[in-house]
file input_1.cif (mmCIF, C-alpha atoms)
data_target
#
loop_
_atom_site.group_PDB
_atom_site.id
_atom_site.type_symbol
_atom_site.label_atom_id
_atom_site.label_comp_id
_atom_site.auth_asym_id
_atom_site.auth_seq_id
_atom_site.Cartn_x
_atom_site.Cartn_y
_atom_site.Cartn_z
ATOM 1 C CA MET A 1 0.000 0.000 0.000
ATOM 2 C CA SER A 2 1.122 3.491 -0.666
ATOM 3 C CA LEU A 3 1.488 4.808 2.847
ATOM 4 C CA LEU A 4 0.592 8.394 2.213
ATOM 5 C CA SER A 5 -2.549 7.635 0.318
ATOM 6 C CA LEU A 6 -4.476 4.883 1.999
ATOM 7 C CA THR A 7 -7.652 3.590 0.466
ATOM 8 C CA CYS A 8 -10.706 3.312 2.719
ATOM 9 C CA LYS A 9 -10.294 -0.435 2.642
ATOM 10 C CA GLU A 10 -6.733 -0.154 3.938
ATOM 11 C CA ALA A 11 -7.717 2.485 6.476
ATOM 12 C CA SER A 12 -10.510 0.341 7.919
ATOM 13 C CA ARG A 13 -8.010 -2.468 8.422
ATOM 14 C CA LEU A 14 -5.375 -0.180 9.906
ATOM 15 C CA SER A 15 -7.903 1.390 12.297
ATOM 16 C CA SER A 16 -8.561 -2.104 13.617
ATOM 17 C CA GLU A 17 -4.838 -2.906 13.884
ATOM 18 C CA ALA A 18 -4.358 0.278 15.873
ATOM 19 C CA LEU A 19 -6.510 -1.227 18.615
ATOM 20 C CA ASP A 20 -4.237 -4.250 18.899
ATOM 21 C CA ARG A 21 -0.695 -3.046 18.338
ATOM 22 C CA LYS A 22 1.324 0.137 18.303
ATOM 23 C CA LEU A 23 1.384 1.335 14.718
ATOM 24 C CA GLY A 24 4.630 2.376 13.106
ATOM 25 C CA PHE A 25 5.281 6.070 12.611
ATOM 26 C CA ARG A 26 4.357 6.090 8.915
ATOM 27 C CA GLU A 27 1.314 3.912 9.461
ATOM 28 C CA ARG A 28 0.082 6.226 12.163
ATOM 29 C CA LEU A 29 0.705 9.306 10.065
ATOM 30 C CA SER A 30 -1.012 7.939 6.983
ATOM 31 C CA LEU A 31 -3.996 6.750 9.006
ATOM 32 C CA ARG A 32 -4.356 10.131 10.675
ATOM 33 C CA MET A 33 -4.172 11.876 7.333
ATOM 34 C CA HIS A 34 -6.779 9.613 5.842
ATOM 35 C CA LEU A 35 -9.144 9.964 8.801
ATOM 36 C CA ALA A 36 -8.801 13.742 8.693
ATOM 37 C CA MET A 37 -9.994 13.747 5.102
ATOM 38 C CA CYS A 38 -12.492 10.917 5.156
ATOM 39 C CA ASP A 39 -15.799 11.099 7.008
ATOM 40 C CA GLY A 40 -16.727 7.504 6.321
ATOM 41 C CA CYS A 41 -13.501 6.096 7.757
ATOM 42 C CA SER A 42 -13.728 8.399 10.773
ATOM 43 C CA ARG A 43 -17.130 6.880 11.466
ATOM 44 C CA VAL A 44 -15.769 3.367 11.094
ATOM 45 C CA ASN A 45 -12.913 4.221 13.439
ATOM 46 C CA ALA A 46 -15.309 5.671 16.008
ATOM 47 C CA GLN A 47 -17.525 2.586 15.689
ATOM 48 C CA TYR A 48 -14.593 0.247 16.396
ATOM 49 C CA GLN A 49 -13.755 2.234 19.496
ATOM 50 C CA PHE A 50 -17.341 2.254 20.633
ATOM 51 C CA LEU A 51 -17.452 -1.507 20.116
ATOM 52 C CA ARG A 52 -14.492 -1.855 22.456
ATOM 53 C CA ARG A 53 -16.275 0.119 25.178
ATOM 54 C CA ALA A 54 -19.435 -1.917 24.669
ATOM 55 C CA MET A 55 -17.546 -5.220 24.887
ATOM 56 C CA SER A 56 -15.811 -4.180 28.075
ATOM 57 C CA GLN A 57 -19.240 -3.620 29.598
ATOM 58 C CA LEU A 58 -20.783 -6.839 28.310
ATOM 59 C CA PHE A 59 -19.525 -8.605 31.420
ATOM 60 C CA GLU A 60 -21.018 -5.900 33.643
ATOM 61 C CA SER A 61 -24.297 -6.126 31.799
ATOM 62 C CA HIS A 62 -24.448 -9.752 32.936
ATOM 63 C CA VAL A 63 -23.663 -8.637 36.461
ATOM 64 C CA ASP A 64 -26.427 -6.051 36.278
ATOM 65 C CA THR A 65 -28.897 -8.761 35.367
ATOM 66 C CA ASP A 66 -27.883 -10.516 38.526
ATOM 67 C CA VAL A 67 -28.760 -7.474 40.579
ATOM 68 C CA ALA A 68 -31.991 -6.981 38.671
ATOM 69 C CA ASP A 69 -32.902 -10.635 39.173
ATOM 70 C CA ARG A 70 -32.554 -10.349 42.912
ATOM 71 C CA ASP A 71 -34.572 -7.194 43.209
ATOM 72 C CA MET B 1 -19.491 -7.407 69.747
ATOM 73 C CA ASP B 2 -21.138 -9.975 67.614
ATOM 74 C CA MET B 3 -19.177 -9.587 64.420
ATOM 75 C CA THR B 4 -19.647 -12.198 61.772
ATOM 76 C CA LYS B 5 -16.237 -13.633 60.980
ATOM 77 C CA PRO B 6 -15.204 -14.000 57.341
ATOM 78 C CA SER B 7 -15.223 -17.770 57.680
ATOM 79 C CA GLU B 8 -18.835 -17.650 58.748
ATOM 80 C CA ILE B 9 -19.740 -15.414 55.857
ATOM 81 C CA SER B 10 -18.059 -17.827 53.495
ATOM 82 C CA THR B 11 -20.161 -20.722 54.646
ATOM 83 C CA GLN B 12 -23.090 -18.739 53.356
ATOM 84 C CA VAL B 13 -21.891 -19.389 49.815
ATOM 85 C CA LYS B 14 -23.875 -22.550 49.533
ATOM 86 C CA SER B 15 -24.000 -24.768 46.527
ATOM 87 C CA GLN B 16 -27.641 -23.879 46.143
ATOM 88 C CA GLU B 17 -26.699 -20.241 45.794
ATOM 89 C CA LEU B 18 -24.040 -21.124 43.268
ATOM 90 C CA GLU B 19 -26.486 -23.198 41.280
ATOM 91 C CA ALA B 20 -28.693 -20.156 40.818
ATOM 92 C CA HIS B 21 -25.937 -18.657 38.676
ATOM 93 C CA ARG B 22 -25.178 -21.715 36.607
ATOM 94 C CA SER B 23 -27.322 -20.977 33.590
ATOM 95 C CA SER B 24 -26.107 -17.437 33.099
ATOM 96 C CA LEU B 25 -22.480 -18.460 33.643
ATOM 97 C CA PHE B 26 -23.027 -21.102 31.003
ATOM 98 C CA LYS B 27 -24.449 -18.506 28.652
ATOM 99 C CA PHE B 28 -21.436 -16.275 29.220
ATOM 100 C CA ALA B 29 -19.054 -19.204 28.620
ATOM 101 C CA MET B 30 -20.871 -20.284 25.461
ATOM 102 C CA LEU B 31 -20.643 -16.792 24.062
ATOM 103 C CA GLN B 32 -16.885 -17.023 24.302
ATOM 104 C CA LEU B 33 -16.132 -20.714 23.790
ATOM 105 C CA ARG B 34 -18.881 -21.648 21.347
ATOM 106 C CA ASN B 35 -18.554 -25.263 22.363
ATOM 107 C CA GLN B 36 -21.112 -26.844 24.665
ATOM 108 C CA ALA B 37 -18.879 -29.464 26.293
ATOM 109 C CA GLN B 38 -16.111 -26.945 26.925
ATOM 110 C CA ALA B 39 -18.532 -24.356 28.259
ATOM 111 C CA GLU B 40 -20.026 -26.939 30.629
ATOM 112 C CA ASP B 41 -16.555 -27.936 31.818
ATOM 113 C CA ALA B 42 -15.562 -24.331 32.400
ATOM 114 C CA VAL B 43 -18.699 -23.681 34.444
ATOM 115 C CA GLN B 44 -18.318 -26.929 36.407
ATOM 116 C CA GLU B 45 -14.722 -26.059 37.284
ATOM 117 C CA THR B 46 -15.839 -22.589 38.290
ATOM 118 C CA MET B 47 -18.416 -24.079 40.663
ATOM 119 C CA LEU B 48 -15.819 -26.395 42.173
ATOM 120 C CA ALA B 49 -13.282 -23.621 42.584
ATOM 121 C CA ALA B 50 -15.951 -21.436 44.168
ATOM 122 C CA MET B 51 -16.903 -24.105 46.705
ATOM 123 C CA GLN B 52 -13.289 -24.844 47.550
ATOM 124 C CA GLY B 53 -12.303 -21.216 47.737
ATOM 125 C CA ALA B 54 -15.422 -19.840 49.360
ATOM 126 C CA GLU B 55 -13.348 -18.224 52.099
ATOM 127 C CA ARG B 56 -11.785 -16.008 49.469
ATOM 128 C CA PHE B 57 -15.137 -14.535 48.527
ATOM 129 C CA SER B 58 -15.046 -11.204 50.300
ATOM 130 C CA GLY B 59 -18.678 -10.318 49.963
ATOM 131 C CA ASN B 60 -17.601 -6.902 48.714
ATOM 132 C CA SER B 61 -18.492 -7.721 45.150
ATOM 133 C CA SER B 62 -21.606 -9.550 44.140
ATOM 134 C CA LEU B 63 -21.350 -13.311 44.020
ATOM 135 C CA ARG B 64 -21.886 -13.118 40.279
ATOM 136 C CA THR B 65 -18.954 -10.768 39.763
ATOM 137 C CA TRP B 66 -16.742 -13.081 41.770
ATOM 138 C CA LEU B 67 -17.912 -16.168 39.868
ATOM 139 C CA THR B 68 -17.510 -14.507 36.497
ATOM 140 C CA GLY B 69 -13.959 -13.568 37.430
ATOM 141 C CA ILE B 70 -13.190 -17.231 38.120
ATOM 142 C CA LEU B 71 -15.032 -18.280 34.982
ATOM 143 C CA LYS B 72 -12.832 -16.085 32.786
ATOM 144 C CA HIS B 73 -9.785 -18.048 33.921
ATOM 145 C CA LYS B 74 -11.537 -21.354 33.367
ATOM 146 C CA ILE B 75 -12.591 -20.324 29.871
ATOM 147 C CA LEU B 76 -8.994 -19.447 29.111
ATOM 148 C CA ASP B 77 -7.888 -22.839 30.469
ATOM 149 C CA GLN B 78 -10.299 -24.512 28.056
ATOM 150 C CA ILE B 79 -8.949 -22.525 25.124
ATOM 151 C CA ARG B 80 -5.353 -23.379 26.058
ATOM 152 C CA LYS B 81 -6.241 -27.015 26.527
ATOM 153 C CA SER B 82 -7.895 -27.335 23.149
ATOM 154 C CA ALA B 83 -4.942 -25.596 21.504
ATOM 155 C CA ARG B 84 -2.562 -28.037 23.196
ATOM 156 C CA GLU B 85 -4.602 -31.059 22.269
ATOM 157 C CA ARG B 86 -5.284 -29.660 18.835
ATOM 158 C CA THR B 87 -8.885 -30.639 19.309
ATOM 159 C CA SER B 88 -9.861 -27.259 18.028
ATOM 160 C CA ASP B 89 -9.220 -25.858 14.622
ATOM 161 C CA LEU B 90 -8.073 -22.544 15.999
ATOM 162 C CA ALA B 91 -5.079 -22.475 13.688
ATOM 163 C CA TYR B 92 -7.393 -22.754 10.746
ATOM 164 C CA ASP B 93 -7.846 -19.570 8.853
ATOM 165 C CA GLU B 94 -11.509 -18.736 8.709
ATOM 166 C CA GLY B 95 -11.037 -17.023 5.413
ATOM 167 C CA SER B 96 -9.616 -13.774 4.298
ATOM 168 C CA THR B 97 -11.114 -10.343 4.464
ATOM 169 C CA ASP B 98 -12.590 -10.812 1.001
ATOM 170 C CA ASP B 99 -16.102 -11.028 2.334
ATOM 171 C CA PHE B 100 -16.041 -7.305 3.053
ATOM 172 C CA ASP B 101 -15.015 -6.491 -0.524
ATOM 173 C CA ALA B 102 -18.568 -5.553 -1.384
ATOM 174 C CA LEU B 103 -18.329 -2.604 0.991
ATOM 175 C CA PHE B 104 -15.667 -1.025 -1.190
ATOM 176 C CA ASN B 105 -15.515 -0.030 -4.823
ATOM 177 C CA GLU B 106 -12.753 -1.012 -7.233
ATOM 178 C CA ARG B 107 -10.610 1.898 -6.025
ATOM 179 C CA GLY B 108 -10.887 0.741 -2.405
ATOM 180 C CA ALA B 109 -13.178 3.591 -1.364
ATOM 181 C CA HIS B 110 -16.399 2.996 0.572
ATOM 182 C CA ALA B 111 -19.092 2.005 -1.912
ATOM 183 C CA GLU B 112 -21.621 3.473 0.475
ATOM 184 C CA LYS B 113 -20.695 5.893 3.222
ATOM 185 C CA PRO B 114 -20.832 4.204 6.633
ATOM 186 C CA ALA B 115 -23.699 5.501 8.749
ATOM 187 C CA ASP B 116 -23.365 8.049 11.491
ATOM 188 C CA TRP B 117 -24.233 6.450 14.842
ATOM 189 C CA GLY B 118 -24.739 9.808 16.465
ATOM 190 C CA ASN B 119 -24.180 9.464 20.180
ATOM 191 C CA PRO B 120 -23.818 5.693 20.578
ATOM 192 C CA GLU B 121 -22.988 5.905 24.302
ATOM 193 C CA ALA B 122 -26.693 6.118 25.102
ATOM 194 C CA ALA B 123 -27.020 2.492 24.000
ATOM 195 C CA LEU B 124 -24.692 1.389 26.807
ATOM 196 C CA SER B 125 -27.363 2.065 29.390
ATOM 197 C CA GLN B 126 -29.848 -0.160 27.636
ATOM 198 C CA ARG B 127 -30.137 -3.813 28.493
ATOM 199 C CA LYS B 128 -31.665 -4.546 25.099
ATOM 200 C CA PHE B 129 -28.575 -3.217 23.335
ATOM 201 C CA PHE B 130 -26.373 -5.801 25.041
ATOM 202 C CA GLU B 131 -28.790 -8.533 24.063
ATOM 203 C CA ILE B 132 -28.429 -7.459 20.437
ATOM 204 C CA LEU B 133 -24.643 -7.323 20.829
ATOM 205 C CA GLU B 134 -24.714 -10.901 22.107
ATOM 206 C CA ARG B 135 -26.887 -12.018 19.192
ATOM 207 C CA CYS B 136 -24.396 -10.355 16.859
ATOM 208 C CA MET B 137 -21.502 -12.165 18.553
ATOM 209 C CA GLU B 138 -23.308 -15.458 18.123
ATOM 210 C CA GLY B 139 -23.306 -14.774 14.398
ATOM 211 C CA LEU B 140 -19.513 -14.680 14.229
ATOM 212 C CA PRO B 141 -17.596 -17.769 13.114
ATOM 213 C CA LYS B 142 -16.373 -19.711 16.155
ATOM 214 C CA ASN B 143 -12.680 -18.911 16.049
ATOM 215 C CA THR B 144 -13.332 -15.303 15.223
ATOM 216 C CA ALA B 145 -15.601 -15.057 18.264
ATOM 217 C CA ARG B 146 -13.055 -16.780 20.507
ATOM 218 C CA VAL B 147 -10.175 -14.556 19.520
ATOM 219 C CA PHE B 148 -12.334 -11.445 19.742
ATOM 220 C CA ALA B 149 -13.566 -12.446 23.215
ATOM 221 C CA MET B 150 -10.000 -13.064 24.375
ATOM 222 C CA ARG B 151 -9.037 -9.620 23.181
ATOM 223 C CA GLU B 152 -12.076 -7.588 24.206
ATOM 224 C CA ILE B 153 -13.664 -9.445 27.123
ATOM 225 C CA MET B 154 -10.577 -10.917 28.753
ATOM 226 C CA GLY B 155 -8.345 -8.041 27.708
ATOM 227 C CA LEU B 156 -5.431 -10.209 26.557
ATOM 228 C CA ASP B 157 -2.881 -8.739 24.187
ATOM 229 C CA THR B 158 -2.377 -10.334 20.810
ATOM 230 C CA LYS B 159 0.944 -11.880 21.850
ATOM 231 C CA GLU B 160 -0.815 -13.860 24.584
ATOM 232 C CA ILE B 161 -3.649 -14.779 22.256
ATOM 233 C CA CYS B 162 -1.201 -16.126 19.671
ATOM 234 C CA LYS B 163 0.559 -18.157 22.339
ATOM 235 C CA ASP B 164 -2.643 -19.577 23.799
ATOM 236 C CA THR B 165 -4.290 -20.435 20.497
ATOM 237 C CA GLY B 166 -1.320 -21.197 18.302
ATOM 238 C CA ILE B 167 -2.426 -18.829 15.569
ATOM 239 C CA SER B 168 -0.079 -16.371 13.933
ATOM 240 C CA ALA B 169 -0.063 -12.668 14.754
ATOM 241 C CA THR B 170 -1.145 -11.844 11.209
ATOM 242 C CA ASN B 171 -4.034 -14.261 11.319
ATOM 243 C CA CYS B 172 -5.007 -12.927 14.709
ATOM 244 C CA GLY B 173 -5.156 -9.413 13.258
ATOM 245 C CA VAL B 174 -7.321 -10.668 10.414
ATOM 246 C CA LEU B 175 -9.752 -12.387 12.789
ATOM 247 C CA LEU B 176 -10.034 -9.291 14.977
ATOM 248 C CA TYR B 177 -10.649 -7.126 11.924
ATOM 249 C CA ARG B 178 -13.311 -9.519 10.697
ATOM 250 C CA ALA B 179 -14.986 -9.520 14.093
ATOM 251 C CA ARG B 180 -15.043 -5.739 14.314
ATOM 252 C CA MET B 181 -16.344 -5.308 10.788
ATOM 253 C CA ALA B 182 -19.012 -7.976 11.195
ATOM 254 C CA LEU B 183 -20.171 -6.624 14.570
ATOM 255 C CA ARG B 184 -20.163 -3.061 13.282
ATOM 256 C CA LEU B 185 -22.391 -4.074 10.374
ATOM 257 C CA CYS B 186 -24.621 -6.203 12.585
ATOM 258 C CA LEU B 187 -25.113 -3.430 15.152
ATOM 259 C CA ASP B 188 -25.754 -0.973 12.363
ATOM 260 C CA GLU B 189 -28.447 -3.192 10.936
ATOM 261 C CA ARG B 190 -30.040 -4.387 14.164
ATOM 262 C CA TRP B 191 -29.652 -1.410 16.477
ATOM 263 C CA PHE B 192 -28.390 1.904 15.171
ATOM 264 C CA GLY B 193 -30.001 1.644 11.770
ATOM 265 C CA ALA B 194 -33.189 0.017 12.970
ATOM 266 C CA ASN B 195 -34.986 3.363 13.164
ATOM 267 C CA ARG B 196 -33.497 4.913 10.077
#

call {"tool": "encode", "arguments": {"input": "input_1.cif", "output": "structure tokens"}}
result
Amino acid sequence: MSLLSLTCKEASRLSSEALDRKLGFRERLSLRMHLAMCDGCSRVNAQYQFLRRAMSQLFESHVDTDVADRD
Amino acid sequence: MDMTKPSEISTQVKSQELEAHRSSLFKFAMLQLRNQAQAEDAVQETMLAAMQGAERFSGNSSLRTWLTGILKHKILDQIRKSARERTSDLAYDEGSTDDFDALFNERGAHAEKPADWGNPEAALSQRKFFEILERCMEGLPKNTARVFAMREIMGLDTKEICKDTGISATNCGVLLYRARMALRLCLDERWFGANR
């Protein structure tokens, strides 16, 4: 991939990778540039991050049911 | 002063009380393991550990929180065991990322602009949202769901996941990408886009 001009397809993959490993300097730069210019990919990126928050609360949502069940 | 000693509190964790949690622990294990026998084993071992270690239950957290904490370790044990015994096909690549090709045009741009979810945080206070999220997770291929759960529910880093499952770092990245894309599309269809 040409690092300074990512396609949306590449950016959606790289946004995901960014949640699992530290991106290299050029990867990070090219992703930031792409996200700054691309609404669609910014949304995808935000959705991935939201998904992470939701998953971290999935366990608590089970716990909440417990409390609700006892009430 | 008549203070109840910790040991007396612990005896209150009776097997009957534990049993009340069995079905939801099983549900939680199934979501992550996607294998009935393994999920049953993980829950059974959790029950045993809870009975043997009842004195360690502080009573500060709810019994469910404590049990789920134990269960996470038991689920991980099951995943490690199946990787060791190669009874699982975790090393098997569940495909490439080709199945998302339709989302992009021939130049790699979004064929259709992804939807704006507005303020998605509001969903996190709704029980129904988490039910949908679980349904969406159930729709993931087994290994994809396992690796995603290890990363996002258990909070393991990819190095640990690779070690525990025997899959390569690259493949791990592919599975996590597939999970995120599939869940994003599923939530869009079944929650955020449901009223569009």

call {"tool": "resolve_selection", "arguments": {"input": "input_1.cif", "expression": "the PyMOL selection byres ((chain A and resi 8-13) around 7)", "output": "short mmCIF file (atom, residue, chain, number, x, y, z; two decimals) with C-alpha atoms, in the coordinates of the input"}}
result
data_model
loop_
_atom_site.label_atom_id
_atom_site.label_comp_id
_atom_site.auth_asym_id
_atom_site.auth_seq_id
_atom_site.Cartn_x
_atom_site.Cartn_y
_atom_site.Cartn_z
CA LEU A 6 -4.48 4.88 2.00
CA THR A 7 -7.65 3.59 0.47
CA LEU A 14 -5.38 -0.18 9.91
CA SER A 15 -7.90 1.39 12.30
CA SER A 16 -8.56 -2.10 13.62
CA GLU A 17 -4.84 -2.91 13.88
CA LEU A 31 -4.00 6.75 9.01
CA CYS A 41 -13.50 6.10 7.76
CA VAL A 44 -15.77 3.37 11.09
CA PHE B 104 -15.67 -1.02 -1.19
CA GLY B 108 -10.89 0.74 -2.40
CA ALA B 109 -13.18 3.59 -1.36
CA HIS B 110 -16.40 3.00 0.57
CA TYR B 177 -10.65 -7.13 11.92
#

call {"tool": "atom_distance", "arguments": {"input": "input_1.cif", "atom1": "CA of Lys74 in chain B", "atom2": "CA of Val43 in chain B"}}
result
7.6 Å

call {"tool": "closest_atom_pairs", "arguments": {"input": "input_1.cif", "of": "chain B", "to": "chain A", "cutoff": "7 Å", "atoms": "all atoms listed in the file", "output": "tab-separated table"}}
result
residue	atom	partner	partner_atom	distance
B:Arg64	CA	A:Val63	CA	6.1
B:Thr65	CA	A:Val63	CA	6.1
B:Phe104	CA	A:Lys9	CA	6.6
B:Gly108	CA	A:Thr7	CA	5.2
B:Ala109	CA	A:Cys8	CA	4.8
B:His110	CA	A:Cys8	CA	6.1
B:Lys113	CA	A:Gly40	CA	5.3
B:Pro114	CA	A:Gly40	CA	5.3
B:Asp116	CA	A:Arg43	CA	6.3
B:Leu124	CA	A:Ala54	CA	6.6
B:Phe130	CA	A:Leu58	CA	6.6
B:Glu152	CA	A:Met55	CA	6.0
B:Ile153	CA	A:Ser56	CA	5.8
B:Thr158	CA	A:Asp20	CA	6.6
B:Gly173	CA	A:Glu17	CA	6.5
B:Tyr177	CA	A:Ser16	CA	5.7
B:Arg180	CA	A:Tyr48	CA	6.4
B:Arg184	CA	A:Gln47	CA	6.7

call {"tool": "atom_distance", "arguments": {"input": "input_1.cif", "atom1": "CA of Pro141 in chain B", "atom2": "CA of Gly69 in chain B"}}
result
24.9 Å

call {"tool": "atom_distance", "arguments": {"input": "input_1.cif", "atom1": "CA of Cys172 in chain B", "atom2": "CA of Gly155 in chain B"}}
result
14.3 Å

call {"tool": "residues_near_point", "arguments": {"input": "input_1.cif", "point": "(0.3, 4.8, 11.4)", "cutoff": "10 Å", "atoms": "all atoms listed in the file", "output": "PDB file with C-alpha atoms, in the coordinates of the input"}}
result
ATOM      1  CA  LEU A   3       1.488   4.808   2.847  1.00  0.00           C
ATOM      2  CA  LEU A   4       0.592   8.394   2.213  1.00  0.00           C
ATOM      3  CA  ALA A  11      -7.717   2.485   6.476  1.00  0.00           C
ATOM      4  CA  LEU A  14      -5.375  -0.180   9.906  1.00  0.00           C
ATOM      5  CA  SER A  15      -7.903   1.390  12.297  1.00  0.00           C
ATOM      6  CA  GLU A  17      -4.838  -2.906  13.884  1.00  0.00           C
ATOM      7  CA  ALA A  18      -4.358   0.278  15.873  1.00  0.00           C
ATOM      8  CA  LYS A  22       1.324   0.137  18.303  1.00  0.00           C
ATOM      9  CA  LEU A  23       1.384   1.335  14.718  1.00  0.00           C
ATOM     10  CA  GLY A  24       4.630   2.376  13.106  1.00  0.00           C
ATOM     11  CA  PHE A  25       5.281   6.070  12.611  1.00  0.00           C
ATOM     12  CA  ARG A  26       4.357   6.090   8.915  1.00  0.00           C
ATOM     13  CA  GLU A  27       1.314   3.912   9.461  1.00  0.00           C
ATOM     14  CA  ARG A  28       0.082   6.226  12.163  1.00  0.00           C
ATOM     15  CA  LEU A  29       0.705   9.306  10.065  1.00  0.00           C
ATOM     16  CA  SER A  30      -1.012   7.939   6.983  1.00  0.00           C
ATOM     17  CA  LEU A  31      -3.996   6.750   9.006  1.00  0.00           C
ATOM     18  CA  ARG A  32      -4.356  10.131  10.675  1.00  0.00           C
ATOM     19  CA  MET A  33      -4.172  11.876   7.333  1.00  0.00           C
TER      20      MET A  33
END

call {"tool": "closest_residue", "arguments": {"input": "input_1.cif", "among": "B:Ala149, B:Asn35, B:Asn143, B:Trp191", "to": "Ala123 in chain B", "atoms": "only C-alpha atoms"}}
result
B:Trp191

call {"tool": "resolve_selection", "arguments": {"input": "input_1.cif", "expression": "the PyMOL selection byres ((chain B and resi 42) around 8)", "output": "list in words"}}
result
Ala29, Gln38, Ala39, Glu40, Asp41, Val43, Gln44, Glu45, Thr46, Leu71, Lys74, Ile75 and Gln78 of chain B

call {"tool": "decode", "arguments": {"input": "input_1.cif", "residues": "range 156-177 of chain B", "atoms": "C-alpha atoms", "output": "tab-separated table (two decimals), in the first residue's frame"}}
result
chain	number	residue	atom	x	y	z
B	156	LEU	CA	-5.43	-10.21	26.56
B	157	ASP	CA	-2.88	-8.74	24.19
B	158	THR	CA	-2.38	-10.33	20.81
B	159	LYS	CA	0.94	-11.88	21.85
B	160	GLU	CA	-0.81	-13.86	24.58
B	161	ILE	CA	-3.65	-14.78	22.26
B	162	CYS	CA	-1.20	-16.13	19.67
B	163	LYS	CA	0.56	-18.16	22.34
B	164	ASP	CA	-2.64	-19.58	23.80
B	165	THR	CA	-4.29	-20.44	20.50
B	166	GLY	CA	-1.32	-21.20	18.30
B	167	ILE	CA	-2.43	-18.83	15.57
B	168	SER	CA	-0.08	-16.37	13.93
B	169	ALA	CA	-0.06	-12.67	14.75
B	170	THR	CA	-1.14	-11.84	11.21
B	171	ASN	CA	-4.03	-14.26	11.32
B	172	CYS	CA	-5.01	-12.93	14.71
B	173	GLY	CA	-5.16	-9.41	13.26
B	174	VAL	CA	-7.32	-10.67	10.41
B	175	LEU	CA	-9.75	-12.39	12.79
B	176	LEU	CA	-10.03	-9.29	14.98
B	177	TYR	CA	-10.65	-7.13	11.92
